[in-house]
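Structure below is structure_29.cif: mmCIF, C-alpha atoms.
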data_model
#
loop_
_atom_site.label_atom_id
_atom_site.label_comp_id
_atom_site.auth_asym_id
_atom_site.auth_seq_id
_atom_site.Cartn_x
_atom_site.Cartn_y
_atom_site.Cartn_z
CA MET A 1 -92.34 -125.45 -9.99
CA GLU A 2 -94.29 -123.20 -7.67
CA GLN A 3 -97.25 -124.64 -5.80
CA HIS A 4 -100.64 -123.12 -6.69
CA PRO A 5 -101.74 -120.90 -3.74
CA ASP A 6 -105.18 -122.59 -3.57
CA LEU A 7 -103.44 -125.80 -2.44
CA GLU A 8 -102.37 -124.36 0.91
CA PRO A 9 -105.07 -126.21 2.97
CA ILE A 10 -103.93 -129.63 1.63
CA ALA A 11 -100.24 -128.93 1.01
CA PHE A 12 -99.36 -130.99 4.10
CA LEU A 13 -100.17 -134.08 2.00
CA LEU A 14 -97.43 -133.41 -0.57
CA GLY A 15 -94.74 -136.08 -0.72
CA ARG A 16 -94.31 -139.84 -0.62
CA TRP A 17 -95.75 -141.69 2.36
CA GLU A 18 -95.18 -145.32 3.35
CA GLY A 19 -96.54 -147.46 6.13
CA ALA A 20 -98.76 -150.32 7.14
CA GLY A 21 -102.27 -150.99 8.30
CA VAL A 22 -105.04 -153.51 8.72
CA ILE A 23 -107.76 -154.51 6.26
CA GLY A 24 -110.87 -156.54 6.86
CA TYR A 25 -114.48 -156.92 5.78
CA PRO A 26 -117.22 -159.51 6.27
CA THR A 27 -116.18 -161.09 2.96
CA MET A 28 -112.51 -161.50 3.94
CA GLU A 29 -110.22 -162.29 6.84
CA SER A 30 -108.44 -159.40 8.52
CA ALA A 31 -104.87 -158.99 7.35
CA ASN A 32 -101.93 -156.61 7.52
CA PHE A 33 -101.03 -154.59 4.45
CA GLY A 34 -98.29 -152.22 3.36
CA GLN A 35 -98.95 -149.03 1.44
CA GLU A 36 -97.23 -146.32 -0.54
CA VAL A 37 -99.06 -143.06 -1.28
CA VAL A 38 -97.68 -140.22 -3.40
CA PHE A 39 -99.23 -136.74 -3.54
CA GLY A 40 -97.80 -134.36 -6.12
CA HIS A 41 -98.65 -131.25 -8.11
CA ASN A 42 -97.75 -129.57 -11.38
CA GLY A 43 -98.45 -125.95 -10.45
CA LYS A 44 -102.19 -126.18 -11.13
CA PRO A 45 -104.88 -126.06 -8.37
CA PHE A 46 -105.04 -129.83 -7.73
CA LEU A 47 -102.94 -132.61 -6.24
CA THR A 48 -102.14 -135.78 -8.11
CA TYR A 49 -102.60 -138.96 -6.09
CA GLU A 50 -101.29 -142.52 -6.46
CA SER A 51 -101.74 -145.34 -3.96
CA ARG A 52 -100.64 -148.95 -4.05
CA THR A 53 -100.98 -151.62 -1.41
CA TRP A 54 -99.72 -155.15 -0.89
CA LEU A 55 -100.48 -157.99 1.50
CA LEU A 56 -97.89 -158.48 4.26
CA ASP A 57 -96.98 -161.75 5.94
CA ALA A 58 -96.52 -162.16 9.72
CA GLU A 59 -92.92 -160.86 9.47
CA GLY A 60 -93.98 -157.78 7.47
CA ALA A 61 -92.64 -159.00 4.10
CA LYS A 62 -94.59 -158.30 0.90
CA VAL A 63 -96.65 -161.31 -0.21
CA ARG A 64 -98.61 -159.99 -3.22
CA PRO A 65 -100.12 -156.80 -4.62
CA LEU A 66 -103.55 -155.74 -3.36
CA ALA A 67 -105.30 -152.52 -4.43
CA ARG A 68 -104.24 -149.56 -6.54
CA GLU A 69 -105.95 -146.24 -7.08
CA SER A 70 -105.09 -142.96 -8.68
CA GLY A 71 -106.74 -139.62 -9.05
CA PHE A 72 -106.88 -135.93 -8.31
CA TRP A 73 -107.61 -133.92 -5.17
CA ARG A 74 -109.22 -130.55 -6.01
CA ILE A 75 -109.51 -127.91 -3.31
CA GLN A 76 -112.57 -125.67 -3.53
CA PRO A 77 -113.55 -122.41 -1.79
CA GLU A 78 -114.03 -122.47 1.98
CA ARG A 79 -111.78 -125.54 2.39
CA GLN A 80 -114.17 -127.84 0.56
CA LEU A 81 -112.56 -130.72 -1.32
CA GLU A 82 -113.42 -132.85 -4.36
CA VAL A 83 -111.53 -136.09 -4.96
CA CYS A 84 -111.77 -138.14 -8.17
CA LEU A 85 -110.40 -141.70 -7.89
CA ALA A 86 -110.11 -144.51 -10.44
CA HIS A 87 -109.42 -148.17 -9.66
CA PRO A 88 -108.19 -150.86 -12.08
CA THR A 89 -111.06 -153.04 -10.84
CA GLY A 90 -113.56 -150.98 -12.85
CA ILE A 91 -114.69 -148.53 -10.17
CA VAL A 92 -114.58 -144.73 -10.32
CA GLU A 93 -115.47 -142.63 -7.27
CA ILE A 94 -116.08 -138.96 -6.67
CA TYR A 95 -115.73 -137.90 -3.06
CA VAL A 96 -116.70 -134.58 -1.50
CA GLY A 97 -115.67 -133.29 1.87
CA GLU A 98 -113.78 -130.67 3.76
CA VAL A 99 -110.43 -129.84 5.27
CA VAL A 100 -110.31 -128.68 8.90
CA PHE A 101 -106.72 -127.85 9.85
CA HIS A 102 -104.88 -131.16 9.14
CA LYS A 103 -108.01 -133.33 9.12
CA ILE A 104 -109.86 -134.34 5.95
CA GLU A 105 -113.23 -136.08 5.87
CA LEU A 106 -114.60 -137.38 2.56
CA ARG A 107 -117.79 -139.19 1.50
CA THR A 108 -118.65 -140.60 -1.89
CA ASP A 109 -120.95 -138.42 -3.94
CA ILE A 110 -120.93 -140.66 -7.01
CA VAL A 111 -119.78 -144.24 -7.62
CA ALA A 112 -119.63 -145.64 -11.14
CA ARG A 113 -118.84 -149.29 -11.92
CA THR A 114 -118.18 -151.32 -15.01
CA ALA A 115 -120.35 -154.38 -15.68
CA THR A 116 -117.55 -156.67 -14.45
CA SER A 117 -116.58 -154.88 -11.23
CA LYS A 118 -117.64 -156.05 -7.79
CA GLU A 119 -120.67 -154.35 -6.28
CA TYR A 120 -119.52 -151.25 -4.40
CA SER A 121 -121.90 -148.46 -3.45
CA ALA A 122 -120.30 -146.01 -0.99
CA GLY A 123 -117.14 -144.96 0.80
CA HIS A 124 -116.16 -142.74 3.70
CA ARG A 125 -112.53 -141.69 4.29
CA LEU A 126 -110.97 -139.85 7.18
CA TYR A 127 -107.36 -138.58 6.96
CA GLY A 128 -105.39 -136.74 9.60
CA LEU A 129 -101.87 -135.60 10.30
CA VAL A 130 -100.96 -136.87 13.79
CA ASN A 131 -97.44 -136.30 15.18
CA GLY A 132 -96.15 -135.90 11.62
CA ASN A 133 -97.69 -139.16 10.37
CA LEU A 134 -100.63 -139.50 7.99
CA MET A 135 -103.34 -141.60 9.62
CA TYR A 136 -106.44 -142.70 7.78
CA ALA A 137 -109.52 -144.87 8.09
CA TYR A 138 -111.64 -146.09 5.18
CA ASP A 139 -115.19 -147.43 5.49
CA MET A 140 -117.06 -148.94 2.55
CA ALA A 141 -120.42 -150.39 1.56
CA ALA A 142 -120.01 -153.29 -0.85
CA VAL A 143 -121.31 -156.70 -1.89
CA GLY A 144 -124.55 -156.31 0.03
CA HIS A 145 -123.01 -155.01 3.27
CA PRO A 146 -123.72 -151.57 4.79
CA LEU A 147 -121.03 -148.93 5.28
CA GLN A 148 -118.45 -150.31 7.74
CA SER A 149 -114.75 -150.36 8.49
CA HIS A 150 -112.51 -151.76 5.74
CA ALA A 151 -108.99 -150.36 6.16
CA SER A 152 -106.87 -148.13 8.35
CA ALA A 153 -103.19 -147.28 8.27
CA GLU A 154 -100.42 -145.09 9.59
CA LEU A 155 -98.06 -143.68 6.96
CA LYS A 156 -94.75 -141.91 7.52
CA LYS A 157 -93.42 -139.30 5.11
CA VAL A 158 -90.35 -140.79 3.42
CA ALA A 159 -89.77 -138.15 0.74
CA ASP A 160 -90.71 -134.54 0.25
CA PHE A 161 -92.47 -133.47 -2.86
CA ALA A 162 -90.50 -133.19 -6.10
CA PRO A 163 -92.42 -131.09 -8.66
CA GLU A 164 -93.79 -132.91 -11.65
CA THR A 165 -92.81 -131.81 -15.11
CA ASP A 166 -95.22 -132.01 -18.01
CA ALA A 167 -93.34 -132.98 -21.13
#

This structure in structure tokens:
Amino acid sequence: MEQHPDLEPIAFLLGRWEGAGVIGYPTMESANFGQEVVFGHNGKPFLTYESRTWLLDAEGAKVRPLARESGFWRIQPERQLEVCLAHPTGIVEIYVGEVVFHKIELRTDIVARTATSKEYSAGHRLYGLVNGNLMYAYDMAAVGHPLQSHASAELKKVADFAPETDA
């Protein structure tokens, strides 16, 4: 399936990425985590996005699942970007930002939460392609704390994109 031409500014994301990083926040101890991220497309002007993470022990073995999120990355004119993400914890986020070469900066525009989700009010994400690896940093404001560092990781591309098929 042919990639939609509007996706050119974010096409470098396409594929399956794996790696590890560090999480922390005032409400938790810092820890190492593993992550898999998959960016795909179905020929329309958006990328599909899936991310899953798990806690790692001192030897790098998976201990237990952590966070999941899925959504859509929609490129707009003049390299602007809209990202819609949903979390199984009852949070939905809409990010806006821009793409500058292989760097993406996003800030939450809207956060919606269910009555049973934890308090979460804002996020800031920075992604960049550095020496072929996808690096990112994620800051959040939650449970009464201001926007501050929460997670960062380095992901290596482990598979190129395989077009999705809509059945």

Query raised in the report: Within 7 Å of segment 97-114 of chain A, counting all atoms listed in the file, which residues qualify if same-chain residues fewer than 6 places away don't, as a list of chain:residue names?
Result: A:Pro9, A:Arg79, A:Gln80, A:Leu81, A:Glu82, A:Gly90, A:Ile91, A:Ser121, A:Ala122, A:Gly123, A:His124, A:Arg125, A:Leu126, A:Tyr127, A:Gly128, A:Leu129

Requested in this report: Evaluate the PyMOL selection byres ((chain A and resi 72) around 10) here and jot the selected residues down as a PyMOL selection string.
Outcome: chain A and resi 39-41+46-50+70-71+73-75+82-86+94

Query raised in the report: Could you name the residues that touch Gly19 of chain A at 12 Å or less, counting all atoms listed in the file, but leaving out those on the same chain fewer than 2 positions away, as a ChimeraX atom specification?
Result: /A:16-17,21-22,32-37,51-54,56,60,133-136,152-158

**Report entry** Nearest to Gln76 of chain A, chosen from A:Gly132, A:Gly15, A:Pro26, A:Pro45, with all atoms listed in the file counted in the distances
**Finding:**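 The closest residue to Gln76 of chain A is A:Pro45.
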
Query raised in the report: For the file shown, what are the residues hit by the PyMOL selection byres ((chain A and resi 1) around 7), laid out as JSON, numbers by chain?
Result: {"A": [2, 3, 42, 43, 163]}

Residues from the last selection, C-alpha atoms, saved as a compact mmCIF listing (two decimals), in the coordinates of the input:
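out_36.txt, written as the output of this step:
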# COMPACT_ATOMS: atom_id res chain seq x y z
CA GLU A 2 -94.29 -123.20 -7.67
CA GLN A 3 -97.25 -124.64 -5.80
CA ASN A 42 -97.75 -129.57 -11.38
CA GLY A 43 -98.45 -125.95 -10.45
CA PRO A 163 -92.42 -131.09 -8.66

Report task. Have a look at atom CA of Thr89 of chain A and atom CA of Glu69 of chain A and let me know their distance in Å, one decimal. Result ->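 For atom CA of Thr89 of chain A relative to atom CA of Glu69 of chain A, the distance reads 9.3 Å.
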
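Shortest separation to Leu7 of chain A among A:Ala31, A:Val38, A:Pro65, A:Pro77 occurs at residue A:Pro77, atoms counted being only C-alpha atoms.
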
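When atom CA of Ala142 of chain A is paired with atom CA of Glu119 of chain A, their separation reads 5.6 Å.
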
**Report entry** Target residues per the PyMOL selection byres ((chain A and resi 143) around 12), formatted as a list in words
**Finding:** Tyr25, Pro26, Thr27, Met28, Ser117, Lys118, Glu119, Tyr120, Ser121, Ala122, Met140, Ala141, Ala142, Gly144, His145, Pro146, Leu147 and Gln148 of chain A

Query raised in the report: Just how far from atom CA of Asn131 of chain A is atom CA of Ala151 of chain A, in Å to one decimal?
Result: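 Atom-to-atom, atom CA of Ala151 of chain A to atom CA of Asn131 of chain A, that is 20.3 Å.
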
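The smallest atom-to-atom distance between Phe12 of chain A and any of A:Asp160, A:Glu29, A:Glu78, A:His87, using only C-alpha atoms, is found for A:Asp160.
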
Would you mind putting back N, CA and C atoms on segment 46-75 of chain A, then writing it out as a JSON list (two decimals), in the coordinates of the input?
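File produced: result-v7.json:
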[["chain", "number", "residue", "atom", "x", "y", "z"],
["A", 46, "PHE", "N", -104.64, -128.49, -8.14],
["A", 46, "PHE", "CA", -105.04, -129.83, -7.73],
["A", 46, "PHE", "C", -103.80, -130.63, -7.35],
["A", 47, "LEU", "N", -104.01, -131.66, -6.54],
["A", 47, "LEU", "CA", -102.94, -132.61, -6.24],
["A", 47, "LEU", "C", -103.15, -133.87, -7.06],
["A", 48, "THR", "N", -102.07, -134.45, -7.53],
["A", 48, "THR", "CA", -102.14, -135.78, -8.11],
["A", 48, "THR", "C", -102.01, -136.78, -6.97],
["A", 49, "TYR", "N", -102.57, -137.97, -7.16],
["A", 49, "TYR", "CA", -102.60, -138.96, -6.09],
["A", 49, "TYR", "C", -102.41, -140.36, -6.67],
["A", 50, "GLU", "N", -101.52, -141.11, -6.09],
["A", 50, "GLU", "CA", -101.29, -142.52, -6.46],
["A", 50, "GLU", "C", -101.17, -143.31, -5.17],
["A", 51, "SER", "N", -101.84, -144.45, -5.11],
["A", 51, "SER", "CA", -101.74, -145.34, -3.96],
["A", 51, "SER", "C", -101.62, -146.77, -4.44],
["A", 52, "ARG", "N", -100.73, -147.52, -3.79],
["A", 52, "ARG", "CA", -100.64, -148.95, -4.05],
["A", 52, "ARG", "C", -100.44, -149.67, -2.73],
["A", 53, "THR", "N", -101.04, -150.85, -2.64],
["A", 53, "THR", "CA", -100.98, -151.62, -1.41],
["A", 53, "THR", "C", -100.59, -153.06, -1.74],
["A", 54, "TRP", "N", -100.08, -153.75, -0.72],
["A", 54, "TRP", "CA", -99.72, -155.15, -0.89],
["A", 54, "TRP", "C", -99.97, -155.87, 0.43],
["A", 55, "LEU", "N", -100.29, -157.15, 0.34],
["A", 55, "LEU", "CA", -100.48, -157.99, 1.50],
["A", 55, "LEU", "C", -99.14, -158.25, 2.16],
["A", 56, "LEU", "N", -99.11, -158.21, 3.50],
["A", 56, "LEU", "CA", -97.89, -158.48, 4.26],
["A", 56, "LEU", "C", -98.05, -159.80, 5.02],
["A", 57, "ASP", "N", -96.95, -160.54, 5.13],
["A", 57, "ASP", "CA", -96.98, -161.75, 5.94],
["A", 57, "ASP", "C", -96.73, -161.38, 7.41],
["A", 58, "ALA", "N", -96.67, -162.39, 8.27],
["A", 58, "ALA", "CA", -96.52, -162.16, 9.72],
["A", 58, "ALA", "C", -95.24, -161.42, 10.07],
["A", 59, "GLU", "N", -94.20, -161.54, 9.22],
["A", 59, "GLU", "CA", -92.92, -160.86, 9.47],
["A", 59, "GLU", "C", -92.87, -159.47, 8.82],
["A", 60, "GLY", "N", -93.94, -159.09, 8.12],
["A", 60, "GLY", "CA", -93.98, -157.78, 7.47],
["A", 60, "GLY", "C", -93.42, -157.77, 6.06],
["A", 61, "ALA", "N", -93.15, -158.93, 5.47],
["A", 61, "ALA", "CA", -92.64, -159.00, 4.10],
["A", 61, "ALA", "C", -93.81, -158.96, 3.11],
["A", 62, "LYS", "N", -93.57, -158.37, 1.94],
["A", 62, "LYS", "CA", -94.59, -158.30, 0.90],
["A", 62, "LYS", "C", -94.90, -159.70, 0.37],
["A", 63, "VAL", "N", -96.20, -160.02, 0.29],
["A", 63, "VAL", "CA", -96.65, -161.31, -0.21],
["A", 63, "VAL", "C", -97.14, -161.18, -1.64],
["A", 64, "ARG", "N", -98.05, -160.21, -1.88],
["A", 64, "ARG", "CA", -98.61, -159.99, -3.22],
["A", 64, "ARG", "C", -99.28, -158.62, -3.27],
["A", 65, "PRO", "N", -99.43, -158.09, -4.48],
["A", 65, "PRO", "CA", -100.12, -156.80, -4.62],
["A", 65, "PRO", "C", -101.59, -156.91, -4.21],
["A", 66, "LEU", "N", -102.12, -155.83, -3.68],
["A", 66, "LEU", "CA", -103.55, -155.74, -3.36],
["A", 66, "LEU", "C", -104.17, -154.68, -4.26],
["A", 67, "ALA", "N", -104.57, -153.56, -3.69],
["A", 67, "ALA", "CA", -105.30, -152.52, -4.43],
["A", 67, "ALA", "C", -104.38, -151.43, -4.95],
["A", 68, "ARG", "N", -104.86, -150.78, -6.01],
["A", 68, "ARG", "CA", -104.24, -149.56, -6.54],
["A", 68, "ARG", "C", -105.35, -148.57, -6.79],
["A", 69, "GLU", "N", -105.01, -147.30, -6.70],
["A", 69, "GLU", "CA", -105.95, -146.24, -7.08],
["A", 69, "GLU", "C", -105.16, -145.01, -7.44],
["A", 70, "SER", "N", -105.73, -144.21, -8.31],
["A", 70, "SER", "CA", -105.09, -142.96, -8.68],
["A", 70, "SER", "C", -106.17, -141.92, -8.91],
["A", 71, "GLY", "N", -105.75, -140.66, -8.84],
["A", 71, "GLY", "CA", -106.74, -139.62, -9.05],
["A", 71, "GLY", "C", -106.21, -138.23, -8.78],
["A", 72, "PHE", "N", -107.16, -137.35, -8.48],
["A", 72, "PHE", "CA", -106.88, -135.93, -8.31],
["A", 72, "PHE", "C", -107.66, -135.40, -7.12],
["A", 73, "TRP", "N", -107.00, -134.58, -6.32],
["A", 73, "TRP", "CA", -107.61, -133.92, -5.17],
["A", 73, "TRP", "C", -107.72, -132.44, -5.51],
["A", 74, "ARG", "N", -108.97, -131.93, -5.58],
["A", 74, "ARG", "CA", -109.22, -130.55, -6.01],
["A", 74, "ARG", "C", -109.82, -129.74, -4.86],
["A", 75, "ILE", "N", -109.04, -128.77, -4.39],
["A", 75, "ILE", "CA", -109.51, -127.91, -3.31],
["A", 75, "ILE", "C", -110.49, -126.89, -3.88]]
